[in-house]
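Shown next: final23.txt, given as compact mmCIF, C-alpha atoms and all ligand atoms.
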```
# COMPACT_ATOMS: atom_id res chain seq x y z
CA MET A 4 17.21 21.56 23.63
CA ALA A 5 16.88 18.35 25.63
CA TYR A 6 17.50 14.98 24.03
CA HIS A 7 16.03 11.58 24.80
CA PRO A 8 17.84 8.22 24.50
CA THR A 9 15.66 7.62 21.43
CA ASP A 10 17.28 10.69 19.83
CA ILE A 11 20.70 9.13 20.31
CA SER A 12 19.40 5.92 18.69
CA LEU A 13 17.83 7.90 15.83
CA ARG A 14 21.15 9.66 15.17
CA GLU A 15 23.07 6.38 15.34
CA ARG A 16 20.73 4.30 13.23
CA TYR A 17 19.97 6.87 10.57
CA CYS A 18 21.68 10.26 10.41
CA GLY A 19 21.88 13.75 11.85
CA HIS A 20 19.27 15.09 9.48
CA ALA A 21 16.73 12.69 10.99
CA LEU A 22 17.18 14.69 14.20
CA ASN A 23 16.54 17.94 12.30
CA LEU A 24 13.33 16.48 10.89
CA LYS A 25 12.25 15.25 14.30
CA ALA A 26 12.94 18.68 15.84
CA LYS A 27 10.57 20.17 13.26
CA ASN A 28 7.88 17.69 14.33
CA THR A 29 7.87 16.15 10.88
CA PRO A 30 5.10 13.57 11.00
CA TYR A 31 5.84 9.91 10.39
CA ASN A 32 3.82 6.75 10.58
CA LYS A 33 3.50 5.86 14.26
CA ASP A 34 0.92 3.13 13.76
CA ILE A 35 3.26 0.34 14.82
CA PHE A 36 3.88 2.02 18.18
CA GLN A 37 0.32 2.86 19.11
CA VAL A 38 -0.64 -0.40 20.81
CA GLY A 39 2.45 -0.06 22.99
CA VAL A 40 1.64 3.58 23.72
CA ALA A 41 -1.85 2.57 24.84
CA ALA A 42 -0.55 -0.28 27.02
CA HIS A 43 1.97 2.07 28.66
CA ALA A 44 -0.71 4.69 29.32
CA VAL A 45 -3.03 2.13 30.89
CA LEU A 46 -0.23 0.73 33.07
CA GLU A 47 0.72 4.24 34.14
CA ASN A 48 -2.82 4.99 35.26
CA LEU A 49 -3.15 1.61 36.95
CA GLY A 50 0.09 2.23 38.81
CA LYS A 51 -1.00 5.68 39.90
CA ALA A 52 -4.36 4.29 41.06
CA CYS A 53 -2.41 1.76 43.18
CA ASN A 54 -0.30 4.65 44.56
CA GLU A 55 -3.48 6.46 45.54
CA ALA A 56 -5.15 3.41 47.07
CA ASP A 57 -1.91 2.48 48.83
CA GLU A 58 -2.44 -1.12 47.68
CA PRO A 59 -2.87 -2.96 44.37
CA ILE A 60 -6.37 -2.13 43.20
CA PRO A 61 -8.82 -5.01 42.62
CA TYR A 62 -9.26 -6.26 39.06
CA GLU A 63 -12.77 -4.77 38.68
CA GLN A 64 -11.40 -1.32 39.49
CA ALA A 65 -8.41 -1.90 37.20
CA VAL A 66 -10.83 -2.60 34.34
CA GLN A 67 -12.56 0.74 34.99
CA VAL A 68 -9.25 2.63 35.03
CA ALA A 69 -8.17 0.89 31.82
CA GLU A 70 -11.52 1.62 30.18
CA GLN A 71 -11.31 5.33 31.00
CA THR A 72 -7.73 5.54 29.70
CA THR A 73 -8.74 3.78 26.48
CA ILE A 74 -11.59 6.22 25.91
CA GLU A 75 -9.28 9.20 26.43
CA LEU A 76 -6.59 7.83 24.11
CA ALA A 77 -9.05 7.13 21.31
CA SER A 78 -11.02 10.34 21.70
CA GLN A 79 -8.55 13.01 22.81
CA GLY A 80 -5.12 11.52 22.08
CA ARG A 81 -2.15 12.22 24.30
CA ALA A 82 0.61 14.79 24.45
CA TYR A 83 4.26 13.75 24.44
CA ASP A 84 6.75 16.32 25.71
CA GLY A 85 3.98 18.88 25.38
CA ILE A 86 3.35 18.06 21.72
CA PRO A 87 -0.25 16.91 21.24
CA GLU A 88 -0.81 13.75 19.22
CA PRO A 89 -4.03 12.83 17.40
CA PRO A 90 -6.39 10.26 18.94
CA MET A 91 -5.36 6.71 18.20
CA LYS A 92 -7.54 4.14 16.46
CA ILE A 93 -10.06 2.39 18.69
CA LYS A 94 -8.58 -1.01 17.77
CA GLN A 95 -5.09 0.10 18.85
CA ALA A 96 -6.33 1.52 22.16
CA LEU A 97 -8.32 -1.65 22.88
CA GLU A 98 -5.39 -3.91 22.07
CA GLY A 99 -3.15 -1.87 24.36
CA LYS A 100 -5.75 -2.03 27.13
CA ALA A 101 -5.99 -5.82 26.85
CA LEU A 102 -2.20 -6.19 27.02
CA ALA A 103 -1.95 -3.96 30.09
CA LEU A 104 -4.77 -5.71 31.92
CA LYS A 105 -3.33 -9.14 31.16
CA HIS A 106 -0.04 -7.94 32.62
CA TYR A 107 -1.76 -6.49 35.68
CA VAL A 108 -3.49 -9.80 36.50
CA TYR A 109 -0.17 -11.61 36.82
CA ASN A 110 1.93 -8.67 37.99
CA PRO A 111 -0.04 -6.49 40.41
CA LEU A 112 1.55 -3.05 40.60
CA PRO A 113 3.06 -2.18 43.98
CA PRO A 114 1.58 0.92 45.65
CA ASP A 115 5.05 2.33 46.33
CA GLY A 116 6.21 1.99 42.71
CA LEU A 117 7.00 5.00 40.55
CA TYR A 118 5.12 5.00 37.26
CA GLU A 119 6.24 6.96 34.19
CA GLU A 120 8.79 8.78 36.31
CA HIS A 121 10.19 11.82 34.49
CA PHE A 122 13.93 12.54 34.62
CA ALA A 123 15.79 15.56 33.25
CA TYR A 124 19.40 16.60 33.72
CA ASN A 125 21.29 19.76 32.86
CA GLU A 126 24.78 19.91 31.38
CA ALA A 127 26.36 19.53 34.83
CA TRP A 128 24.27 16.40 35.42
CA GLU A 129 22.12 18.10 38.04
CA ARG A 130 18.60 16.81 38.12
CA VAL A 131 16.20 19.56 37.04
CA ASP A 132 12.49 19.82 36.41
CA TYR A 133 11.46 17.84 33.34
CA ASN A 134 10.43 20.99 31.47
CA ASP A 135 13.30 23.15 32.73
CA THR A 136 14.93 25.10 29.90
CA SER A 137 18.39 24.12 31.17
CA ALA A 138 17.64 20.40 30.65
CA VAL A 139 19.84 18.78 28.02
CA PHE A 140 18.83 15.18 28.59
CA ARG A 141 15.43 13.75 29.37
CA THR A 142 13.82 10.40 29.70
CA ILE A 143 10.68 8.83 31.15
CA LEU A 144 10.88 5.47 32.91
CA ASP A 145 7.96 3.05 32.89
CA PHE A 146 8.34 1.58 36.35
CA ILE A 147 10.78 1.93 39.24
CA LEU A 148 10.58 0.24 42.60
CA ILE A 149 13.11 1.18 45.27
CA GLU A 150 13.36 -1.39 48.03
CA THR A 151 15.46 -1.93 51.11
CA VAL A 152 16.41 -5.58 51.44
CA THR A 153 17.91 -7.38 54.41
CA ASP A 154 19.70 -10.60 53.52
CA GLU A 155 20.12 -13.70 55.66
CA ASP A 156 23.37 -12.28 57.17
CA GLY A 157 21.41 -9.27 58.39
CA ASP A 158 23.07 -6.93 55.85
CA THR A 159 20.81 -4.27 54.48
CA TYR A 160 21.10 -2.90 50.97
CA THR A 161 18.91 -0.93 48.57
CA THR A 162 17.77 -2.10 45.17
CA ALA A 163 15.97 -0.42 42.34
CA ILE A 164 13.90 -2.47 39.94
CA VAL A 165 13.88 -0.48 36.70
CA ARG A 166 11.39 -2.04 34.32
CA ASP A 167 10.86 -1.19 30.68
CA TYR A 168 7.69 -2.55 29.07
CA LYS A 169 7.79 -3.74 25.48
CA SER A 170 4.71 -4.49 23.46
CA SER A 171 6.56 -6.78 21.05
CA TRP A 172 6.70 -10.56 21.34
CA TYR A 173 10.38 -10.66 20.77
CA ILE A 174 12.83 -9.32 23.30
CA ASP A 175 16.50 -10.21 23.47
CA LYS A 176 19.53 -9.76 25.68
CA ASP A 177 20.91 -6.95 23.50
CA MET A 178 18.09 -4.81 24.90
CA LEU A 179 19.79 -4.99 28.30
CA ASP A 180 22.79 -3.12 26.98
CA ASN A 181 21.49 -0.51 24.58
CA VAL A 182 21.42 3.28 24.86
CA GLN A 183 17.97 3.28 26.44
CA ARG A 184 18.92 0.83 29.18
CA ARG A 185 22.21 2.58 29.93
CA ALA A 186 20.43 5.93 30.14
CA GLN A 187 17.83 4.49 32.50
CA ALA A 188 20.51 2.95 34.71
CA VAL A 189 22.42 6.23 34.90
CA CYS A 190 19.29 8.27 35.71
CA VAL A 191 18.15 5.98 38.52
CA TRP A 192 21.68 5.60 39.90
CA LEU A 193 22.25 9.37 39.99
CA ALA A 194 18.88 10.06 41.56
CA ASN A 195 18.84 7.30 44.17
CA GLN A 196 22.37 6.02 44.85
CA VAL A 197 21.06 2.47 45.34
CA ASP A 198 23.37 -0.51 45.85
CA LEU A 199 21.84 -2.70 43.16
CA LEU A 200 20.06 -1.88 39.92
CA LYS A 201 17.83 -4.57 38.49
CA MET A 202 17.41 -3.50 34.88
CA GLN A 203 14.45 -5.35 33.38
CA VAL A 204 12.93 -5.61 29.92
CA PHE A 205 9.41 -7.02 30.12
CA SER A 206 7.45 -8.27 27.10
CA LEU A 207 3.78 -7.53 27.72
CA ARG A 208 2.80 -10.07 25.06
CA SER A 209 4.83 -13.09 26.13
CA GLY A 210 5.27 -12.27 29.82
CA GLN A 211 9.02 -12.87 29.39
CA CYS A 212 11.23 -10.72 31.59
CA LEU A 213 14.95 -10.27 30.97
CA GLU A 214 17.06 -8.85 33.75
CA ARG A 215 20.54 -7.46 34.17
CA LEU A 216 21.98 -6.79 37.60
CA ILE A 217 24.28 -3.84 38.10
CA TYR A 218 26.10 -3.58 41.41
CA THR A 219 26.60 0.15 41.61
CA GLN A 220 29.69 0.08 43.82
CA THR A 221 31.67 -2.50 41.91
CA GLU A 222 30.39 -1.24 38.55
CA GLN A 223 30.66 2.46 39.30
CA GLU A 224 33.25 2.96 36.56
CA THR A 225 30.88 1.46 34.01
CA LEU A 226 28.04 3.73 35.11
CA GLU A 227 30.35 6.75 34.97
CA GLN A 228 31.46 5.74 31.51
CA TRP A 229 27.84 5.49 30.34
CA GLN A 230 27.10 8.86 31.91
CA ASN A 231 30.08 10.43 30.09
CA ASP A 232 29.10 8.77 26.81
CA ILE A 233 25.55 10.10 27.09
CA GLY A 234 26.90 13.59 27.95
CA THR A 235 29.17 13.49 24.89
CA ALA A 236 26.36 12.23 22.66
CA VAL A 237 24.14 15.08 23.84
CA LYS A 238 26.89 17.61 23.01
CA ILE A 239 27.33 16.05 19.57
CA MET A 240 23.62 16.24 18.91
CA ALA A 241 23.58 19.92 19.90
CA GLN A 242 25.97 20.65 16.98
CA LYS A 243 24.79 21.30 13.44
CA GLN A 244 23.41 18.02 12.13
CA VAL A 245 24.15 16.93 8.59
CA ALA A 246 22.52 14.40 6.31
CA SER A 247 24.31 11.24 5.18
CA PRO A 248 21.96 9.62 2.71
CA GLY A 249 22.66 6.08 1.56
CA VAL A 250 22.45 2.76 3.37
CA SER A 251 21.65 4.64 6.61
CA CYS A 252 18.28 5.65 5.10
CA ILE A 253 16.96 2.07 5.20
CA GLY A 254 14.28 2.00 7.88
CA CYS A 255 14.49 5.76 8.52
CA PRO A 256 10.98 6.96 9.44
CA TYR A 257 11.58 10.18 7.48
CA ALA A 258 12.69 8.55 4.23
CA TYR A 259 9.23 9.19 2.76
CA CYS A 260 9.79 12.96 2.86
CA CYS A 261 13.53 13.60 3.17
CA SER A 262 14.90 15.72 0.31
CA TYR A 263 18.41 14.22 0.64
CA VAL A 264 17.32 10.64 0.07
CA SER A 265 15.08 11.74 -2.82
CA GLU A 266 17.96 13.59 -4.44
CA LEU A 267 20.22 10.54 -4.15
CA ALA A 268 17.51 8.20 -5.47
CA THR A 269 16.84 10.49 -8.44
CA HIS A 270 20.20 11.93 -9.41
CA GLY A 271 22.74 9.77 -7.58
CA LYS A 272 25.76 8.77 -9.67
CA HIS A 273 26.70 5.81 -7.47
CA THR A 274 24.43 2.96 -8.52
CA ILE A 275 24.49 1.07 -5.24
CA ARG A 276 23.87 4.12 -3.04
CA LYS A 277 21.13 5.19 -5.44
CA TYR A 278 19.57 1.72 -5.09
CA ALA A 279 19.76 1.95 -1.29
CA ALA A 280 18.07 5.37 -1.35
CA ALA A 281 15.28 4.18 -3.66
CA THR A 282 14.76 1.09 -1.49
CA ALA A 283 14.57 3.25 1.63
CA ILE A 284 11.88 5.45 0.09
CA SER A 285 9.95 2.41 -1.09
CA LYS A 286 10.11 0.81 2.36
CA ALA A 287 9.06 4.02 4.05
CA LEU A 288 6.01 4.30 1.80
CA ASP A 289 5.09 0.62 1.85
CA LYS A 290 2.80 0.68 4.88
CA SER A 291 0.89 3.76 3.74
CA VAL A 292 0.45 2.42 0.21
CA ARG A 293 -0.83 -0.91 1.57
CA ALA A 294 -3.33 0.96 3.75
CA LEU A 295 -4.41 3.23 0.89
CA THR A 296 -4.99 0.31 -1.46
CA LYS A 297 -6.49 -2.09 1.05
CA GLU A 298 -10.09 -1.53 -0.03
CA SER A 299 -9.47 -1.04 -3.73
CA PRO A 300 -6.23 -0.98 -5.74
CA TYR A 301 -4.89 2.07 -7.51
CA ARG A 302 -5.17 1.66 -11.28
CA ASP A 303 -3.72 3.53 -14.19
CA ALA A 304 -3.52 2.71 -17.88
CA ASN A 305 -0.54 0.39 -17.34
CA GLY A 306 -1.49 -1.63 -14.32
CA LEU A 307 -2.44 -1.52 -10.71
CA VAL A 308 -0.85 -1.03 -7.32
CA GLY A 309 -2.41 -2.92 -4.47
CA TYR A 310 -3.87 -6.30 -3.76
CA LYS A 311 -4.85 -8.76 -6.51
CA GLN A 312 -6.43 -12.16 -6.06
CA LYS A 313 -3.99 -14.96 -6.87
CA GLU A 314 -4.41 -18.70 -6.76
CA ARG A 315 -2.11 -20.92 -4.75
CA VAL A 316 -2.06 -24.59 -3.97
CA SER A 317 -1.50 -25.59 -0.38
CA ALA A 318 -1.58 -28.95 1.36
CA LYS A 319 -4.64 -29.75 3.47
CA LYS A 320 -4.20 -29.98 7.22
CA ASP A 321 -4.44 -33.78 7.21
CA ALA A 322 -2.40 -34.21 4.02
CA ALA A 323 0.48 -35.97 5.82
CA GLN A 324 -1.87 -38.58 7.33
CA THR A 325 -3.80 -39.10 4.08
CA MET A 326 -0.60 -39.52 2.13
CA ALA A 327 0.74 -41.99 4.75
CA LYS A 328 -2.38 -44.13 4.33
CA ILE A 329 -2.03 -44.11 0.53
CA TRP A 330 1.69 -44.93 0.81
CA VAL A 331 1.18 -47.83 3.21
CA SER A 332 -1.83 -49.24 1.30
CA ASN A 333 0.42 -49.33 -1.76
CA GLY A 334 3.03 -51.44 -0.03
CA GLY A 335 5.35 -48.72 1.30
CA SER A 336 6.74 -48.76 4.83
CA LEU A 337 6.04 -45.99 7.31
CA SER A 338 9.75 -45.40 7.97
CA ASP A 339 10.43 -44.99 4.22
CA TYR A 340 7.52 -42.57 4.06
CA ILE A 341 8.91 -40.48 6.95
CA GLY A 342 12.26 -40.50 5.18
CA HIS A 343 10.66 -38.74 2.23
CA LEU A 344 9.21 -35.99 4.39
CA SER A 345 11.33 -33.06 5.42
CA LEU A 346 10.69 -31.43 8.75
CA SER A 347 10.89 -27.65 8.69
CA VAL A 348 12.36 -25.77 11.66
CA THR A 349 8.95 -24.20 12.29
CA GLN A 350 7.32 -27.64 12.48
CA ALA A 351 10.15 -28.90 14.70
CA LYS A 352 9.65 -25.95 17.06
CA ARG A 353 5.92 -26.64 17.25
CA ILE A 354 6.50 -30.31 18.10
CA ALA A 355 9.26 -29.42 20.60
CA LYS A 356 6.81 -27.12 22.36
CA LEU A 357 4.35 -30.00 22.70
CA LEU A 358 7.13 -32.22 24.07
CA ALA A 359 8.06 -29.48 26.52
CA LYS A 360 4.58 -29.82 28.02
CA GLN A 361 5.52 -33.39 28.89
CA GLY A 362 8.61 -32.22 30.73
CA LEU A 363 11.21 -32.43 27.97
CA ASP A 364 13.54 -29.50 27.43
CA ALA A 365 12.46 -27.88 24.13
CA ASP A 366 15.89 -26.35 23.49
CA THR A 367 17.66 -29.72 23.89
CA VAL A 368 15.20 -31.33 21.46
CA LEU A 369 15.66 -28.50 18.95
CA ASN A 370 19.44 -28.57 19.25
CA ALA A 371 19.37 -32.29 18.47
CA LEU A 372 17.17 -31.67 15.43
CA SER A 373 18.70 -28.60 13.86
CA SER A 374 22.06 -27.39 12.69
CA LYS A 375 23.37 -23.99 11.75
CA SER A 376 25.00 -23.20 8.44
CA THR A 377 25.78 -20.01 6.59
CA TYR A 378 24.36 -18.89 3.29
CA SER A 379 24.57 -15.78 1.20
CA GLN A 380 21.51 -13.56 1.20
CA PHE A 381 21.20 -10.61 -1.11
CA GLY A 382 19.86 -7.38 0.36
CA ILE A 383 20.75 -4.29 2.30
CA HIS A 384 21.95 -5.22 5.77
CA LYS A 385 22.39 -2.76 8.59
S1 LIG B 1 16.21 9.51 4.89
FE1 LIG B 1 18.40 9.25 5.01
S2 LIG B 1 19.28 11.28 4.75
FE2 LIG B 1 17.11 11.55 5.22
S3 LIG B 1 17.05 11.75 7.41
FE3 LIG B 1 16.74 9.62 7.05
S4 LIG B 1 18.80 8.71 7.14
FE4 LIG B 1 19.04 10.93 6.93
```
Could you spell out this file's structure in structure tokens?
Amino acid sequence: MAYHPTDISLRERYCGHALNLKAKNTPYNKDIFQVGVAAHAVLENLGKACNEADEPIPYEQAVQVAEQTTIELASQGRAYDGIPEPPMKIKQALEGKALALKHYVYNPLPPDGLYEEHFAYNEAWERVDYNDTSAVFRTILDFILIETVTDEDGDTYTTAIVRDYKSSWYIDKDMLDNVQRRAQAVCVWLANQVDLLKMQVFSLRSGQCLERLIYTQTEQETLEQWQNDIGTAVKIMAQKQVASPGVSCIGCPYAYCCSYVSELATHGKHTIRKYAAATAISKALDKSVRALTKESPYRDANGLVGYKQKERVSAKKDAAQTMAKIWVSNGGSLSDYIGHLSLSVTQAKRIAKLLAKQGLDADTVLNALSSKSTYSQFGIHK
């Protein structure tokens, strides 16, 4: 059995039984990933078209490639590690296509890049064919570009840009040091022996790119440590995996069908762990129940589950200006009026963004306007 970095994360975030359920191809709701899957597939095909053309293809051709990929994703689906997946929704495929094309406009794909490069290693860390039965560790990398660079002193060194596309708006620096990134660094380092690894996380939505440089000679010990850690994790995952229901179940994609979490939620003697289990099941079912009740709520004799019209009062868009006029026409001063208003952080961020367009540093403005404090929030925190 070959494991992916995502398997290590699954084991770490949830429990060993989640790996058992994954190995049995237990279905779970993949809706939230589908736009990203589509964007990755389009970028892969765009990259390969650039490989074939030996130059970045023109936008008109890119649109055709993206269109064809979208049609295939929404009509035939894709296969991941040989396991076929059902076709995705048209809306998801279209959204993924739009994200990929937007990225392509600003970041043409180099013809010598490697797109969706497959890596597999056996127990001795020898690179083997992706589907080789001796493979114990596998991963697929979105984009790699190996370059030879000559600096101003005439020294030549090799770099590898290793880019991971994310379809979420939010990316943070922690992503540059997680299991996935370490695994990618190790795979590229072992396969290419480059001098410098440029590990990148690229948000397709915001265009933000985070980068971590790894100098392979001076940081060889770190890379070896990561390699050993991955090797050990793979050995651990090859052992019998056991369930540990409780707080770990929160967010587990299998909580909707896992017998261990159900048992704890139903018959658990420990009130808090029982609560965590019940919450995990509820969270796991939430998305499906919302979808099922979107058109019409579920009703029984005692009530309904689903959406119900409620009334709420909200301020009109120009309420602040209208109120200012009323205040001033009744003898109040504008500064007193402003004193009665309270600026939310969201509003402050919006205004700071506008000021940034005039050249001001948004972070400096926000730092001057906001302060951090701690408070106690009830919930299950992982
Ligand atoms: S629901 Fe809980 S016990 Fe079941 S697989 Fe997930 S983390 Fe493990």
Determine the nearest neighbour of ligand LIG 1 (chain B) from the options A:Phe205, A:Phe140, A:Tyr17, A:Phe146, counting only C-alpha atoms and all ligand atoms. A:Tyr17
Write as a ChimeraX atom specification the residues around ligand LIG 1 (chain B), taking 10 Å as the cut-off and counting all atoms listed in the file. /A:13-25,244-267,279-280,283-284,287
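Closest approach to A:Ala194 among A:Arg130, A:Lys51, A:Lys92, A:Lys33: A:Arg130, based on all atoms listed in the file.
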Between atom CA of A:Asp167 and atom CA of A:Val204, what distance in Å does the model show, to one decimal? 4.9 Å
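Shortest atom-to-atom contact with A:Asn110 among A:Leu346, A:Leu207, A:Val165, A:Met202: A:Leu207, counting all atoms listed in the file.
Distances here use all atoms listed in the file; by that measure, the residue among A:Met326, A:Ala355, A:Ile35, A:Ala56 closest to A:Ser171 is A:Ile35.
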Enclose stretch 47-66 of chain A, meaning all of its atoms listed in the file, in a box aligned along x, y and z, pad it by 6 Å on each side, and list the centre and edge lengths in Å to one decimal, as lines of an AutoDock Vina configuration file.
```
center_x = -6.0
center_y = 0.1
center_z = 41.5
size_x = 25.5
size_y = 24.7
size_z = 26.7
```
Can you tell me how far atom CA of A:Ala163 sits from atom CA of A:Glu63, in Å to one decimal? 29.3 Å
Å distance separating atom CA of A:Leu200 from atom CA of A:Thr151, one decimal place: 12.1 Å
Report as an NGL selection string all protein, DNA and RNA residues lying within 9 Å of A:Lys238, evaluated on all atoms listed in the file, omitting residues in the same chain fewer than 4 positions from it. :A and (126 or 139 or 233-234 or 242)
Go ahead and dump the residues you just picked, C-alpha atoms, as a PDB file, in the frame of the given file.
```pdb
ATOM      1  CA  GLU A 126      24.780  19.910  31.380  1.00  0.00           C
ATOM      2  CA  VAL A 139      19.840  18.780  28.020  1.00  0.00           C
ATOM      3  CA  ILE A 233      25.550  10.100  27.090  1.00  0.00           C
ATOM      4  CA  GLY A 234      26.900  13.590  27.950  1.00  0.00           C
ATOM      5  CA  GLN A 242      25.970  20.650  16.980  1.00  0.00           C
TER       6      GLN A 242
END
```
Contacts of A:Thr349 within 12 Å, only C-alpha atoms, excl. fewer than 5 positions in-chain, as a PyMOL selection string: chain A and resi 354-356+369+372-373
Using all atoms listed in the file, which residue out of A:Thr377, A:Lys311, A:Ser170, A:Pro111 lies closest to A:Glu58? A:Pro111
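For the residues A:Tyr278, A:Trp229, A:Tyr118, A:Tyr168, ranking by smallest atom-to-atom distance to A:Asn54 using all atoms listed in the file places A:Tyr118 first.
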What's around A:Gln203 at 10 Å? Count all atoms listed in the file, leave out sequence neighbours fewer than 6 positions away in its own chain, and write the answer as a VMD selection string. chain A and resid 146 164 to 168 178 to 179 184 212 to 216
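Residues in contact with stretch 75-77 of chain A at up to 7 Å, not including ones fewer than 5 positions away on its chain and judged by all atoms listed in the file, are Pro90, Met91, Lys92, Ile93 and Ala96 of chain A.
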